[in-house]
Each structure stands twice: as structure tokens, then as C-alpha cells.
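Text of run-v1.cif (mmCIF, C-alpha atoms and all ligand atoms) as supplied:
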```cif
data_input
loop_
_atom_site.label_atom_id
_atom_site.label_comp_id
_atom_site.auth_asym_id
_atom_site.auth_seq_id
_atom_site.Cartn_x
_atom_site.Cartn_y
_atom_site.Cartn_z
CA MET A 58 -0.13 21.88 -19.48
CA GLY A 59 -1.53 22.06 -23.01
CA THR A 60 -5.18 22.29 -24.04
CA LEU A 61 -5.47 18.50 -24.35
CA GLU A 62 -4.15 17.93 -20.82
CA ILE A 63 -6.40 20.65 -19.37
CA GLU A 64 -9.56 19.29 -21.02
CA ARG A 65 -8.71 15.71 -20.05
CA ALA A 66 -8.02 16.69 -16.45
CA GLN A 67 -11.31 18.60 -16.25
CA ALA A 68 -13.22 15.58 -17.58
CA LEU A 69 -11.41 13.27 -15.17
CA LEU A 70 -12.06 15.45 -12.13
CA SER A 71 -15.74 15.96 -13.05
CA TRP A 72 -16.17 12.19 -13.27
CA TYR A 73 -14.34 11.72 -9.98
CA ARG A 74 -16.58 14.15 -8.08
CA ILE A 75 -19.58 11.94 -8.90
CA GLN A 76 -18.08 8.43 -9.12
CA ARG A 77 -15.34 8.48 -6.50
CA ARG A 78 -14.95 5.42 -4.28
CA GLN A 79 -15.85 5.91 -0.63
CA LEU A 80 -12.83 4.69 1.35
CA PRO A 81 -12.38 5.20 5.09
CA TRP A 82 -8.91 6.78 4.81
CA ARG A 83 -10.00 9.41 2.30
CA ASP A 84 -11.16 12.92 3.02
CA THR A 85 -9.83 13.17 6.56
CA GLY A 86 -6.59 14.55 5.14
CA GLU A 87 -4.86 13.12 8.22
CA ARG A 88 -1.25 12.17 7.62
CA TYR A 89 -1.50 9.17 9.90
CA ASP A 90 -4.60 7.79 8.14
CA VAL A 91 -2.83 8.07 4.79
CA LEU A 92 0.36 6.53 6.17
CA VAL A 93 -1.45 3.50 7.60
CA SER A 94 -3.59 2.96 4.51
CA GLU A 95 -0.62 3.21 2.15
CA PHE A 96 1.36 0.64 4.14
CA MET A 97 -1.64 -1.69 4.13
CA LEU A 98 -2.31 -1.18 0.42
CA GLN A 99 1.22 -2.21 -0.57
CA GLN A 100 0.59 -5.59 -2.27
CA THR A 101 -2.98 -5.91 -0.93
CA GLN A 102 -6.34 -5.20 -2.58
CA VAL A 103 -8.45 -2.27 -1.37
CA GLU A 104 -11.40 -4.52 -0.48
CA ARG A 105 -9.29 -6.59 1.93
CA VAL A 106 -7.66 -3.56 3.50
CA ILE A 107 -10.84 -1.74 4.61
CA ALA A 108 -11.70 -3.98 7.61
CA TYR A 109 -8.07 -4.12 8.77
CA PHE A 110 -7.73 -0.34 8.48
CA GLU A 111 -10.83 0.24 10.61
CA ALA A 112 -9.69 -2.25 13.27
CA TRP A 113 -6.24 -0.65 13.28
CA MET A 114 -7.56 2.88 13.74
CA ASN A 115 -9.77 1.72 16.59
CA ARG A 116 -6.79 0.19 18.35
CA PHE A 117 -4.11 2.76 17.43
CA PRO A 118 -5.96 6.01 16.62
CA THR A 119 -2.84 8.20 16.54
CA VAL A 120 0.78 7.81 15.55
CA GLU A 121 1.70 8.25 19.22
CA ASP A 122 -0.61 5.36 20.22
CA LEU A 123 1.13 3.14 17.70
CA ALA A 124 4.60 4.25 18.78
CA LYS A 125 3.79 3.41 22.41
CA ALA A 126 2.40 -0.05 21.56
CA SER A 127 4.61 -3.12 21.34
CA LEU A 128 5.31 -4.74 17.99
CA ALA A 129 3.48 -7.82 19.31
CA ASP A 130 0.36 -5.68 19.85
CA ALA A 131 0.62 -4.21 16.37
CA LEU A 132 1.04 -7.67 14.84
CA SER A 133 -2.01 -8.91 16.71
CA VAL A 134 -4.13 -6.45 14.68
CA TRP A 135 -2.18 -6.77 11.43
CA SER A 136 -1.94 -10.57 11.39
CA GLY A 137 -3.98 -12.04 8.53
CA LEU A 138 -3.39 -9.09 6.21
CA GLY A 139 -0.11 -10.65 5.09
CA TYR A 140 3.44 -9.40 4.52
CA ASN A 141 4.00 -8.84 8.23
CA ASN A 142 7.26 -7.02 7.54
CA ARG A 143 5.09 -4.06 6.54
CA CYS A 144 3.69 -3.98 10.08
CA LYS A 145 7.17 -3.85 11.58
CA ARG A 146 8.25 -1.05 9.24
CA LEU A 147 5.07 0.91 10.00
CA HIS A 148 5.71 0.46 13.73
CA ASP A 149 9.33 1.60 13.31
CA THR A 150 8.15 4.59 11.27
CA ALA A 151 5.61 5.57 13.95
CA LYS A 152 8.33 5.54 16.60
CA ILE A 153 10.51 7.84 14.50
CA ILE A 154 7.65 10.27 13.80
CA ALA A 155 6.53 10.30 17.45
CA SER A 156 10.08 11.17 18.46
CA ASP A 157 11.21 13.51 15.63
CA GLY A 158 7.97 14.83 14.14
CA TRP A 159 6.53 14.43 10.65
CA PRO A 160 8.76 15.04 7.62
CA THR A 161 7.46 17.90 5.48
CA SER A 162 8.98 16.92 2.13
CA VAL A 163 8.94 13.93 -0.21
CA GLU A 164 12.66 13.43 0.43
CA GLY A 165 12.14 13.43 4.20
CA LEU A 166 9.28 10.93 3.92
CA GLU A 167 11.44 8.62 1.80
CA GLU A 168 13.89 8.29 4.69
CA LEU A 169 11.26 6.54 6.85
CA PRO A 170 11.37 2.72 7.04
CA GLY A 171 9.14 1.12 4.43
CA VAL A 172 8.36 4.41 2.67
CA GLY A 173 9.47 4.20 -0.96
CA ALA A 174 9.12 6.71 -3.78
CA TYR A 175 5.45 5.95 -4.42
CA THR A 176 4.34 5.95 -0.75
CA ALA A 177 6.21 9.20 -0.05
CA ARG A 178 4.47 10.90 -2.98
CA ALA A 179 1.09 9.51 -2.00
CA ILE A 180 1.44 10.92 1.54
CA ALA A 181 2.75 14.22 0.15
CA ALA A 182 -0.15 14.58 -2.31
CA PHE A 183 -2.97 13.25 -0.09
CA ALA A 184 -1.99 14.74 3.26
CA LEU A 185 0.61 17.48 2.77
CA GLY A 186 -1.00 19.28 -0.17
CA LYS A 187 2.08 18.85 -2.39
CA HIS A 188 1.75 19.12 -6.17
CA VAL A 189 3.20 15.69 -6.97
CA ALA A 190 2.04 12.61 -8.88
CA ALA A 191 2.07 9.27 -7.04
CA THR A 192 2.64 6.83 -9.88
CA ASP A 193 1.43 3.43 -8.73
CA THR A 194 0.47 0.55 -11.05
CA ASN A 195 -2.90 2.13 -11.88
CA LEU A 196 -1.41 5.48 -12.80
CA ARG A 197 1.26 3.86 -14.95
CA ARG A 198 -1.34 1.85 -16.83
CA VAL A 199 -3.68 4.81 -17.41
CA LEU A 200 -0.87 7.16 -18.44
CA SER A 201 0.59 4.53 -20.79
CA ARG A 202 -2.78 4.21 -22.50
CA TRP A 203 -3.20 7.97 -22.74
CA TYR A 204 0.22 8.22 -24.42
CA GLY A 205 -0.23 5.06 -26.51
CA GLU A 206 2.90 3.25 -25.33
CA PRO A 207 4.15 1.44 -22.21
CA LEU A 208 5.79 4.10 -20.04
CA LYS A 209 8.43 3.70 -17.37
CA GLY A 210 11.30 5.58 -15.78
CA ARG A 211 11.88 9.14 -16.96
CA ALA A 212 9.19 8.95 -19.69
CA LEU A 213 6.63 7.97 -17.04
CA ASP A 214 7.66 10.87 -14.80
CA VAL A 215 7.40 13.31 -17.71
CA ALA A 216 3.93 12.03 -18.66
CA ALA A 217 2.75 12.19 -15.03
CA ASN A 218 4.06 15.74 -14.56
CA GLN A 219 2.52 16.88 -17.86
CA SER A 220 -0.87 15.45 -16.90
CA LEU A 221 -0.97 16.28 -13.19
CA ALA A 222 -3.69 18.82 -12.33
CA ASP A 223 -4.79 20.72 -9.23
CA PRO A 224 -5.77 19.77 -6.66
CA ALA A 225 -3.12 17.04 -6.86
CA ARG A 226 -4.83 15.04 -4.15
CA ASP A 227 -8.05 14.74 -6.19
CA TRP A 228 -6.18 14.15 -9.45
CA ASN A 229 -4.16 11.25 -7.97
CA GLN A 230 -7.21 9.69 -6.37
CA ALA A 231 -9.20 10.14 -9.58
CA MET A 232 -6.48 8.38 -11.57
CA MET A 233 -6.42 5.51 -9.08
CA ASP A 234 -10.20 5.18 -9.21
CA LEU A 235 -10.23 5.33 -13.00
CA GLY A 236 -7.58 2.60 -13.15
CA ALA A 237 -9.39 0.42 -10.62
CA VAL A 238 -12.93 0.80 -11.94
CA ILE A 239 -12.82 1.70 -15.67
CA CYS A 240 -9.31 1.49 -17.09
CA ARG A 241 -8.76 -2.03 -15.77
CA ASN A 242 -5.73 -4.04 -16.77
CA HIS A 243 -7.23 -6.80 -18.93
CA ASP A 244 -10.72 -5.50 -19.61
CA PRO A 245 -10.89 -1.70 -19.73
CA ILE A 246 -14.43 -0.36 -20.18
CA CYS A 247 -13.50 2.20 -22.82
CA ASN A 248 -17.12 2.89 -23.82
CA GLN A 249 -17.79 4.23 -20.29
CA CYS A 250 -14.54 6.12 -19.93
CA PRO A 251 -14.81 9.83 -19.10
CA VAL A 252 -11.50 10.58 -20.82
CA GLY A 253 -11.75 8.28 -23.84
CA ALA A 254 -11.71 11.28 -26.20
CA TRP A 255 -8.17 12.10 -25.09
CA CYS A 256 -6.75 8.54 -24.98
CA ALA A 257 -4.18 7.48 -27.62
CA GLY A 258 -4.07 3.78 -26.78
CA PRO A 259 -7.43 2.40 -25.74
CA GLY A 260 -7.05 -1.16 -24.49
CA LEU A 261 -3.23 -1.20 -24.49
CA ILE A 262 -2.28 -4.16 -22.28
CA LEU A 263 0.83 -3.85 -20.12
CA ASP A 264 2.80 -6.67 -18.60
CA VAL A 265 2.11 -6.50 -14.88
CA PRO A 266 4.28 -8.54 -12.52
CA ARG A 267 2.13 -11.22 -10.91
CA GLN A 268 2.28 -11.98 -7.20
CA THR A 269 4.04 -15.25 -6.43
CA LYS A 270 1.82 -18.19 -5.50
CA PHE A 271 0.84 -18.08 -1.83
CA GLU A 272 -0.12 -21.73 -1.23
CA GLY A 273 2.93 -23.70 -0.12
CA SER A 274 5.17 -20.61 -0.08
CA ALA A 275 7.56 -19.53 2.66
CA ARG A 276 5.27 -16.51 3.07
CA GLN A 277 2.38 -18.81 3.98
CA VAL A 278 4.44 -20.55 6.70
CA ARG A 279 5.69 -17.22 8.08
CA GLY A 280 2.12 -15.94 8.29
CA ALA A 281 0.96 -19.11 10.05
CA VAL A 282 3.77 -18.86 12.62
CA VAL A 283 2.93 -15.22 13.37
CA ARG A 284 -0.79 -16.03 13.71
CA ALA A 285 0.01 -18.89 16.11
CA LEU A 286 2.15 -16.56 18.23
CA VAL A 287 -0.55 -13.88 18.23
CA ARG A 288 -2.95 -16.48 19.66
CA ARG A 289 -0.46 -17.67 22.29
CA ALA A 290 3.17 -16.82 23.01
CA PRO A 291 5.77 -17.98 23.69
CA GLN A 292 5.68 -21.38 22.01
CA SER A 293 8.31 -24.02 21.35
CA ILE A 294 9.09 -25.19 17.82
CA VAL A 295 7.23 -28.44 18.57
CA GLU A 296 4.15 -26.45 19.61
CA LEU A 297 4.41 -24.23 16.53
CA VAL A 298 4.60 -27.29 14.29
CA ALA A 299 1.40 -28.58 15.92
CA ALA A 300 -0.30 -25.19 15.71
CA THR A 301 0.59 -24.48 12.07
CA GLN A 302 0.48 -28.07 10.72
CA PHE A 303 3.62 -27.40 8.68
CA PRO A 304 6.70 -29.67 8.72
CA THR A 305 9.37 -28.90 11.33
CA SER A 306 11.90 -27.86 8.67
CA HIS A 307 9.45 -25.29 7.26
CA VAL A 308 8.68 -23.88 10.72
CA LEU A 309 12.38 -23.66 11.60
CA GLU A 310 13.09 -21.84 8.35
CA ALA A 311 10.16 -19.46 8.84
CA THR A 312 11.15 -18.76 12.46
CA SER A 313 14.71 -18.06 11.44
CA SER A 314 13.71 -15.61 8.69
CA LEU A 315 11.18 -13.89 10.98
CA ALA A 316 13.94 -13.48 13.57
CA THR A 317 16.26 -12.01 10.91
CA ASP A 318 13.53 -9.50 10.05
CA GLY A 319 13.07 -8.57 13.73
CA LEU A 320 9.55 -9.95 14.05
CA VAL A 321 10.21 -12.81 16.50
CA GLU A 322 12.89 -13.73 18.99
CA THR A 323 13.97 -17.11 20.31
CA GLU A 324 15.22 -17.75 23.82
CA ASP A 325 15.65 -21.00 25.76
CA GLY A 326 13.96 -22.95 22.96
CA VAL A 327 10.80 -20.87 22.83
CA VAL A 328 9.70 -18.32 20.27
CA ARG A 329 7.87 -15.06 20.97
CA LEU A 330 6.90 -11.95 19.03
CA CYS A 331 9.31 -9.08 19.46
CA GLU A 332 8.28 -6.25 21.74
S1 LIG A 401 -10.32 4.97 -23.25
FE1 LIG A 401 -10.01 2.91 -22.41
S2 LIG A 401 -7.78 2.63 -22.32
FE2 LIG A 401 -8.16 4.84 -22.57
S3 LIG A 401 -8.16 5.65 -20.48
FE3 LIG A 401 -10.29 5.18 -21.00
S4 LIG A 401 -10.61 3.05 -20.25
FE4 LIG A 401 -8.41 3.44 -20.33
#
```
Could you write out this file's structure as C-alpha cells?
Ligand code: SF4
Amino acid sequence: MGTLEIERAQALLSWYRIQRRQLPWRDTGERYDVLVSEFMLQQTQVERVIAYFEAWMNRFPTVEDLAKASLADALSVWSGLGYNNRCKRLHDTAKIIASDGWPTSVEGLEELPGVGAYTARAIAAFALGKHVAATDTNLRRVLSRWYGEPLKGRALDVAANQSLADPARDWNQAMMDLGAVICRNHDPICNQCPVGAWCAGPGLILDVPRQTKFEGSARQVRGAVVRALVRRAPQSIVELVAATQFPTSHVLEATSSLATDGLVETEDGVVRLCE
């Protein structure tokens, strides 16, 4: 780390100690809390996740509780948060951890279902005390602005490793908070930025992939089918059509793709959530 990186990291961490967001999965340092929150935060805004996270921890307070529960039980708490495949992968991951123990390295974490490079590094930094950067969208945007050019791939890794400071947990969370609150995508508040003096590209706008439209999407029908089955299961296709108010062809397609993903099963003409 050079002088610039050290001064910038000190300014960032000083700001973070005063301005940090209070989030229910922070500060416990519990691996399971971090695991659950990171699965929920994939493709979902922090504000929406908070209530689901609290309900989840009430129902499944430990990884063993989740591993013992059925998938149908897990979906009953998850349903409404969206992208129900995440719930199945989290449930599968809990079963593996309850049986084999927690991985102790980034590489080991990456072998768990639904745990990609970012999530593995977030768990490693937040809960295992590893000196690694978890480069999510916020970190990429902030680092790109610091370096004055859109970063990706190897250049992004180099920038993250050059800038990463101890404790890595605080540095990563500070970067995420800065990106969420100050260094926002379309309207960064540069005149309130604690690290503006060390930023080479104030206001640099990056192309961020937009989420596909939800209304009328296959994802919307899948979510409606799961919610209907959480309320009452099993149900026939005719009943699911009535419950979801979607055309039969849409419900059949959604049911088929949910079955392929291991979320529902069909037997004797009725559909139920997988156990
Ligand atoms: S000066 Fe502006 S662009 Fe640079 S890090 Fe701060 S908020 Fe982001």
C-alpha cells in the first residue's frame, strides 16, 4: 500500500465508524448470519431484506435448524423475497455444513451450492477474518471512480488488493456503505465524500446491468405458484390457475421449471413443494 492508499483507507474507515449503516446481520460476526444475509442480498435491495432476515433468524436460528427443516418450511419464510432458487441453494448449503462442518477457506466456501466468488469472499472477510476484498457492484463502482476508469477482471482485482485495508471486514463494509449512500451510481454526492481528495474520477458513470422486468415475466408466475403452494399444498394445476390468476399455459410452464429446479414435485396430477 502506498501513501495515497493508506490515507484514503484511514479517511474511509474514520467515516465508516461514525456513518455506518445499522444492519441486523452486522457485528455478530456469526458465519450463519453472514451466509443467510448474503444469499438474501443477491439481487435484492437491503431495505427489503431486513424484515425477511429477521423472520428467517427467528424461525431458523442456526445452520442446524435450517438443515433439519424441510425445503417447504424454508420456502414458507422465504416466499415473497423472490428468486426462490436462492432459498433452495441456501437450504442445500445448510445441509452440507451441518453434515461436514464449515469450510475455512475462500476456495472451500466456493464449493457450496449458490456460493460464488463474491459471496465466498464476503463470508471470508465478514465472518472468518480473512484479508480479502469482496468486490460486489458497489465496490467495483467506487474502485473504478478512484482509479478513473471502468475496472473489471484482473485490473479490478489488482485495484481491490491495492486498496484493501485492515480490518478487511470494516474496509469491505465501509466500501459497500460508501457506494450505497454517497458514491451512488447515477448521482454520487461528491461534495460529501470522505475520500474525494483521493478520487481520480468523480462522477464516472458505469454501465450497470439492469434487472429484467418483473411484471409479466416467468419469474412472476413462478413466485405466484410458490406463494400459492405455501398457503396450501398440494394443489392441482386447475387450482393453481385459480389461485394465481395466470393462464394455464403459464402455470404449466412455471410448474415444470420449478420441478426442474427441485422446488416442487408433481404426483397424481397435484403439485406440492419439495421436502
Ligand atoms: S468523490 Fe464522488 S465519485 Fe469519487 S468516491 Fe467520492 S462520491 Fe464517489
Pull the closest atom pair for each residue of chain A that gets at most 7 Å from ligand LIG 401 (chain A), along with the distance in Å to one decimal, counting all atoms listed in the file, ordering rows by chain and then ascending residue number, as CSV.
```
residue,atom,partner,partner_atom,distance
A:Val199,CA,A:LIG401,S3,5.5
A:Arg202,CA,A:LIG401,S2,5.2
A:Trp203,CA,A:LIG401,FE2,5.9
A:Ile239,CA,A:LIG401,S4,5.3
A:Cys240,CA,A:LIG401,S4,3.8
A:Pro245,CA,A:LIG401,S4,4.8
A:Ile246,CA,A:LIG401,S4,5.1
A:Cys247,CA,A:LIG401,FE1,3.6
A:Cys250,CA,A:LIG401,FE3,4.5
A:Pro251,CA,A:LIG401,FE3,6.8
A:Val252,CA,A:LIG401,FE3,5.5
A:Gly253,CA,A:LIG401,S1,3.7
A:Cys256,CA,A:LIG401,FE2,4.6
A:Ala257,CA,A:LIG401,FE2,7.0
A:Gly258,CA,A:LIG401,S2,5.9
A:Pro259,CA,A:LIG401,S2,3.4
A:Gly260,CA,A:LIG401,S2,4.4
A:Leu261,CA,A:LIG401,S2,6.3
```
Task: Nearest to Ser94 in chain A by atom-to-atom distance, counting all atoms listed in the file, from A:Ser136, A:Thr60, A:Thr176, A:Ser127 - done: A:Thr176
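Minimum atom-to-atom distances from A:Gly86, A:Pro170, A:Gly137, A:Gly165 to Ala182 in chain A were compared using only C-alpha atoms, and the lowest value belongs to A:Gly86.
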Task: Residue contacts of range 267-282 of chain A (12 Å, only C-alpha atoms) excluding same-chain residues fewer than 5 positions away, as a PyMOL selection string - done: chain A and resi 99-102+132-133+135-142+194+287-316+318+320-321+328-330
- [ ] Tell me, in Å to one decimal, how far CA of Ala190 in chain A is from CA of Ile262 in chain A.
- [x] 21.9 Å
Contacts of Glu87 in chain A within 12 Å, only C-alpha atoms, excl. fewer than 2 positions in-chain, as a PDB file with C-alpha atoms, in the frame of the given file:
```pdb
ATOM      1  CA  PRO A  81     -12.380   5.200   5.090  1.00  0.00           C
ATOM      2  CA  TRP A  82      -8.910   6.780   4.810  1.00  0.00           C
ATOM      3  CA  ARG A  83     -10.000   9.410   2.300  1.00  0.00           C
ATOM      4  CA  ASP A  84     -11.160  12.920   3.020  1.00  0.00           C
ATOM      5  CA  THR A  85      -9.830  13.170   6.560  1.00  0.00           C
ATOM      6  CA  TYR A  89      -1.500   9.170   9.900  1.00  0.00           C
ATOM      7  CA  ASP A  90      -4.600   7.790   8.140  1.00  0.00           C
ATOM      8  CA  VAL A  91      -2.830   8.070   4.790  1.00  0.00           C
ATOM      9  CA  LEU A  92       0.360   6.530   6.170  1.00  0.00           C
ATOM     10  CA  VAL A  93      -1.450   3.500   7.600  1.00  0.00           C
ATOM     11  CA  SER A  94      -3.590   2.960   4.510  1.00  0.00           C
ATOM     12  CA  MET A 114      -7.560   2.880  13.740  1.00  0.00           C
ATOM     13  CA  PRO A 118      -5.960   6.010  16.620  1.00  0.00           C
ATOM     14  CA  THR A 119      -2.840   8.200  16.540  1.00  0.00           C
ATOM     15  CA  VAL A 120       0.780   7.810  15.550  1.00  0.00           C
ATOM     16  CA  TRP A 159       6.530  14.430  10.650  1.00  0.00           C
ATOM     17  CA  ILE A 180       1.440  10.920   1.540  1.00  0.00           C
ATOM     18  CA  ALA A 181       2.750  14.220   0.150  1.00  0.00           C
ATOM     19  CA  ALA A 182      -0.150  14.580  -2.310  1.00  0.00           C
ATOM     20  CA  PHE A 183      -2.970  13.250  -0.090  1.00  0.00           C
ATOM     21  CA  ALA A 184      -1.990  14.740   3.260  1.00  0.00           C
ATOM     22  CA  LEU A 185       0.610  17.480   2.770  1.00  0.00           C
ATOM     23  CA  GLY A 186      -1.000  19.280  -0.170  1.00  0.00           C
TER      24      GLY A 186
END
```
- [ ] With a distance cut-off of 8 Å and only C-alpha atoms, select the neighbouring residues of range 64-68 of chain A, excluding the residue or stretch itself and same-chain residues fewer than 5 positions from it, and output the selection as a PyMOL selection string.
- [x] chain A and resi 220-222+228+251-252+255
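Of the residues listed (A:Leu235, A:Leu286, A:Val189, A:Ile75), A:Val189 shows the shortest atom-to-atom separation from Val215 in chain A; distances use all atoms listed in the file.
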Task: Between CA of Cys331 in chain A and CA of Ala124 in chain A - distance in Å to one decimal - done: 14.2 Å
